[in-house]
Amino acid sequence: MLQESVELLVAAQPHGGATYVDATFGDGGHAHVILDRVRACRLVALDRDPQAVARASALSKEYAGRLVAIHANFADLATVLDGLGIELVAGVIFDLGLSSRQLSAWGRGFSFAVDQPLDMRFDPTRGPSAAELLATSSEEQIAAIIDRYGDERFARRIARRIVDRRRLAPLRSTADLVAAIRGAVVMPPHRRGRIHFATRTFMALRMAVNDEERSLELGLDAACRRTRPGGRVAAISFHSGEDRIVKREFRNWERDGRAAVLTKKAIQPSRGEVAANPRSRSGRLRAVTIKEG
Ligand SMILES: C[S@@+](CC[C@H](N)C(=O)[O-])C[C@H]1O[C@@H](n2cnc3c(N)ncnc32)[C@H](O)[C@@H]1O
């Protein structure tokens, strides 16, 4: 979906120089393809993760003057563009969630595969970590997070276990959280081995810690307002809640005459892509063309 999403983004290139926004630089996969595909373009690359921004800054040397790396939440896209003196761009792409590098990096707290501090912030310089969130939220709040973002049927039992455990000692590590979840989740035999019992809770906490749905709503709104007529907005999501938001926003824009939806049905990864990268299996790509407003 990397190539496909970039093709959708750049299909309607304006004459002269175009500026695109990669709202989620990550490891730079999309950035490389966009910069190589549209030789004369400029790319503004954002990421909430300072480590990703450092990689983008290093890459900017390779693309002399064509890549601008900014440490920002894409929710603040309009402010970022104002700061750069850019009114309208030719397209914005969002590749949501977390990168494989973040998932496997020790110390970020995204994975339960190893014991590490329970952080989970995309931007470790800001806001409460997952450990702090679990220490300060009520049992009801924790259950609501796990239910809403994780769609976890054992959300209430997990929240109860977390609160019981934190009475004895704060949950500081991923192993502390896994231990709390272990006793609460009953995996029916047919689901065993398909998905780890901690997967849904970890994903839900990460989404809450980073306020991901709210950022997405704000980011999409800014992208719609700051993309020139004929330009494109594309989004790849890996979570059904996020895909619902993208689909809903794109439809609203179409209904209001602000955009035309290019993907009546979301584009899904090919079998080959899923075989090469199993994490891509839940990916959904949607795109719109912005209309004259
Ligand atoms: C799936 S990765 C992107 C991978 C990238 N497209 C590539 O090809 O390497 C998602 C990235 O988005 C960043 N991110 C998540 N939410 C963000 C937000 N609200 N604002 C800016 N960056 C965000 C994460 O830190 C992560 O680096």
# chains A, B, ... in the order shown; residues from 1 in each chain; ligands from 1
$ residues_near_ligand --ligand "ligand 1" --cutoff "6 Å" --atoms "only C-alpha atoms and all ligand atoms" --output "short mmCIF file (atom, residue, chain, number, x, y, z; two decimals) with C-alpha atoms, in the first residue's frame"
data_model
loop_
_atom_site.label_atom_id
_atom_site.label_comp_id
_atom_site.auth_asym_id
_atom_site.auth_seq_id
_atom_site.Cartn_x
_atom_site.Cartn_y
_atom_site.Cartn_z
CA ALA A 23 2.00 13.85 8.52
CA THR A 24 3.59 10.68 9.96
CA PHE A 25 7.24 10.43 8.85
CA GLY A 26 8.11 7.32 10.95
CA ASP A 27 10.94 5.54 9.16
CA GLY A 28 10.62 7.69 6.07
CA GLY A 29 9.21 5.00 3.77
CA HIS A 30 6.53 7.26 2.30
CA LEU A 46 5.93 15.74 10.73
CA ASP A 47 6.21 13.27 13.54
CA ARG A 48 5.38 13.39 17.22
CA ASP A 49 8.35 11.19 17.98
CA ALA A 52 11.66 9.99 13.93
CA ALA A 72 4.78 18.23 15.81
CA ASN A 73 1.47 16.51 16.35
CA PHE A 74 -0.39 16.52 13.02
CA ALA A 75 -3.32 17.94 14.97
CA ASP A 95 0.02 6.60 7.84
CA LEU A 96 -1.47 6.10 11.28
CA GLY A 97 -0.45 4.18 14.37
CA LEU A 98 3.07 3.23 15.32
CA SER A 99 6.07 2.12 13.30
CA PHE A 122 4.82 8.82 20.82
CA SER A 215 -5.54 14.08 16.96
#
$ select_by_dssp --residues "stretch 19-202 of chain A" --states "alpha helix (DSSP H)" --output "ChimeraX atom specification"
/A:29-37,50-62,77-84,100-104,130-136,139-150,155-168,174-182,199-202
$ write_last_selection --atoms "C-alpha atoms" --output "CSV table (one decimal), in the first residue's frame"
chain,number,residue,atom,x,y,z
A,29,GLY,CA,9.2,5.0,3.8
A,30,HIS,CA,6.5,7.3,2.3
A,31,ALA,CA,8.8,10.3,2.3
A,32,HIS,CA,11.4,8.6,0.2
A,33,VAL,CA,8.9,7.4,-2.4
A,34,ILE,CA,7.2,10.8,-2.6
A,35,LEU,CA,10.5,12.7,-3.0
A,36,ASP,CA,11.8,10.3,-5.6
A,37,ARG,CA,8.5,10.1,-7.5
A,50,PRO,CA,11.6,13.2,18.4
A,51,GLN,CA,13.6,10.1,17.2
A,52,ALA,CA,11.7,10.0,13.9
A,53,VAL,CA,12.2,13.7,13.5
A,54,ALA,CA,15.9,13.2,14.0
A,55,ARG,CA,15.9,10.6,11.2
A,56,ALA,CA,13.9,13.0,8.9
A,57,SER,CA,16.5,15.8,9.6
A,58,ALA,CA,19.3,13.5,8.7
A,59,LEU,CA,17.4,12.5,5.5
A,60,SER,CA,16.9,16.2,4.6
A,61,LYS,CA,20.6,16.4,3.8
A,62,GLU,CA,20.2,13.8,1.1
A,77,LEU,CA,-0.8,21.0,11.0
A,78,ALA,CA,-2.3,24.4,10.4
A,79,THR,CA,0.0,26.1,12.9
A,80,VAL,CA,3.0,24.3,11.3
A,81,LEU,CA,2.1,25.5,7.8
A,82,ASP,CA,1.5,29.0,9.1
A,83,GLY,CA,5.0,28.9,10.7
A,84,LEU,CA,6.5,27.9,7.3
A,100,SER,CA,7.7,-1.3,13.5
A,101,ARG,CA,10.7,0.4,14.9
A,102,GLN,CA,8.7,2.0,17.7
A,103,LEU,CA,7.1,-1.4,18.5
A,104,SER,CA,10.4,-3.1,18.8
A,130,ALA,CA,0.7,4.7,30.4
A,131,ALA,CA,2.0,4.0,33.9
A,132,GLU,CA,0.9,7.4,35.0
A,133,LEU,CA,-2.5,7.1,33.3
A,134,LEU,CA,-3.1,3.7,35.0
A,135,ALA,CA,-2.0,5.2,38.4
A,136,THR,CA,-4.4,8.1,38.2
A,139,GLU,CA,-11.5,1.7,37.5
A,140,GLU,CA,-14.4,2.9,35.4
A,141,GLN,CA,-12.1,5.1,33.3
A,142,ILE,CA,-9.7,2.3,32.7
A,143,ALA,CA,-12.5,-0.1,31.7
A,144,ALA,CA,-13.9,2.5,29.3
A,145,ILE,CA,-10.5,3.0,27.6
A,146,ILE,CA,-10.0,-0.7,27.2
A,147,ASP,CA,-13.5,-1.3,25.9
A,148,ARG,CA,-13.6,1.7,23.6
A,149,TYR,CA,-10.2,1.5,21.9
A,150,GLY,CA,-9.5,-2.2,22.4
A,155,ALA,CA,-12.4,-4.8,29.8
A,156,ARG,CA,-14.1,-4.6,33.1
A,157,ARG,CA,-12.3,-7.6,34.6
A,158,ILE,CA,-8.9,-6.3,33.3
A,159,ALA,CA,-9.6,-2.8,34.9
A,160,ARG,CA,-10.6,-4.5,38.2
A,161,ARG,CA,-7.3,-6.5,38.2
A,162,ILE,CA,-5.3,-3.4,37.4
A,163,VAL,CA,-6.8,-1.5,40.3
A,164,ASP,CA,-6.4,-4.5,42.6
A,165,ARG,CA,-2.7,-4.8,41.7
A,166,ARG,CA,-2.0,-1.1,42.0
A,167,ARG,CA,-3.2,-1.2,45.6
A,168,LEU,CA,-0.2,-3.4,46.3
A,174,THR,CA,4.9,-3.9,30.7
A,175,ALA,CA,5.4,-7.2,32.6
A,176,ASP,CA,3.3,-5.7,35.5
A,177,LEU,CA,0.5,-4.9,33.1
A,178,VAL,CA,0.7,-8.3,31.3
A,179,ALA,CA,0.4,-10.0,34.7
A,180,ALA,CA,-2.7,-8.0,35.5
A,181,ILE,CA,-4.3,-8.8,32.2
A,182,ARG,CA,-3.3,-12.5,32.3
A,199,THR,CA,-2.8,-7.2,22.4
A,200,ARG,CA,-6.1,-5.4,22.7
A,201,THR,CA,-5.4,-3.8,26.1
A,202,PHE,CA,-1.9,-2.6,25.0
$ closest_residue --among "A:Leu9, A:Leu2, A:Val185, A:Ala90" --to "A:Arg225" --atoms "only C-alpha atoms"
A:Ala90
$ closest_residue --among "A:Lys264, A:Arg153, A:Arg226, A:Arg206" --to "A:Pro128" --atoms "only C-alpha atoms"
A:Arg206
$ residues_around --residues "A:Phe94" --least-positions-apart "4" --cutoff "9 Å" --atoms "only C-alpha atoms" --output "JSON, numbers by chain"
{"A": [21, 22, 23, 24, 25, 74, 216, 219, 220, 233, 234, 235, 236, 237]}
$ closest_residue --among "A:Glu242, A:Glu152, A:Glu273, A:Asp256" --to "A:Arg286" --atoms "only C-alpha atoms"
A:Glu242
$ atom_distance --atom1 "atom CA of A:Val114" --atom2 "atom CA of A:Pro188"
24.6 Å
$ closest_residue --among "A:Ala184, A:Ala45, A:Ala222, A:Val6" --to "A:Leu88" --atoms "only C-alpha atoms"
A:Ala222
$ closest_residue --among "A:Asp211, A:Asp243, A:Asp115, A:Glu254" --to "A:Cys224" --atoms "only C-alpha atoms"
A:Glu254
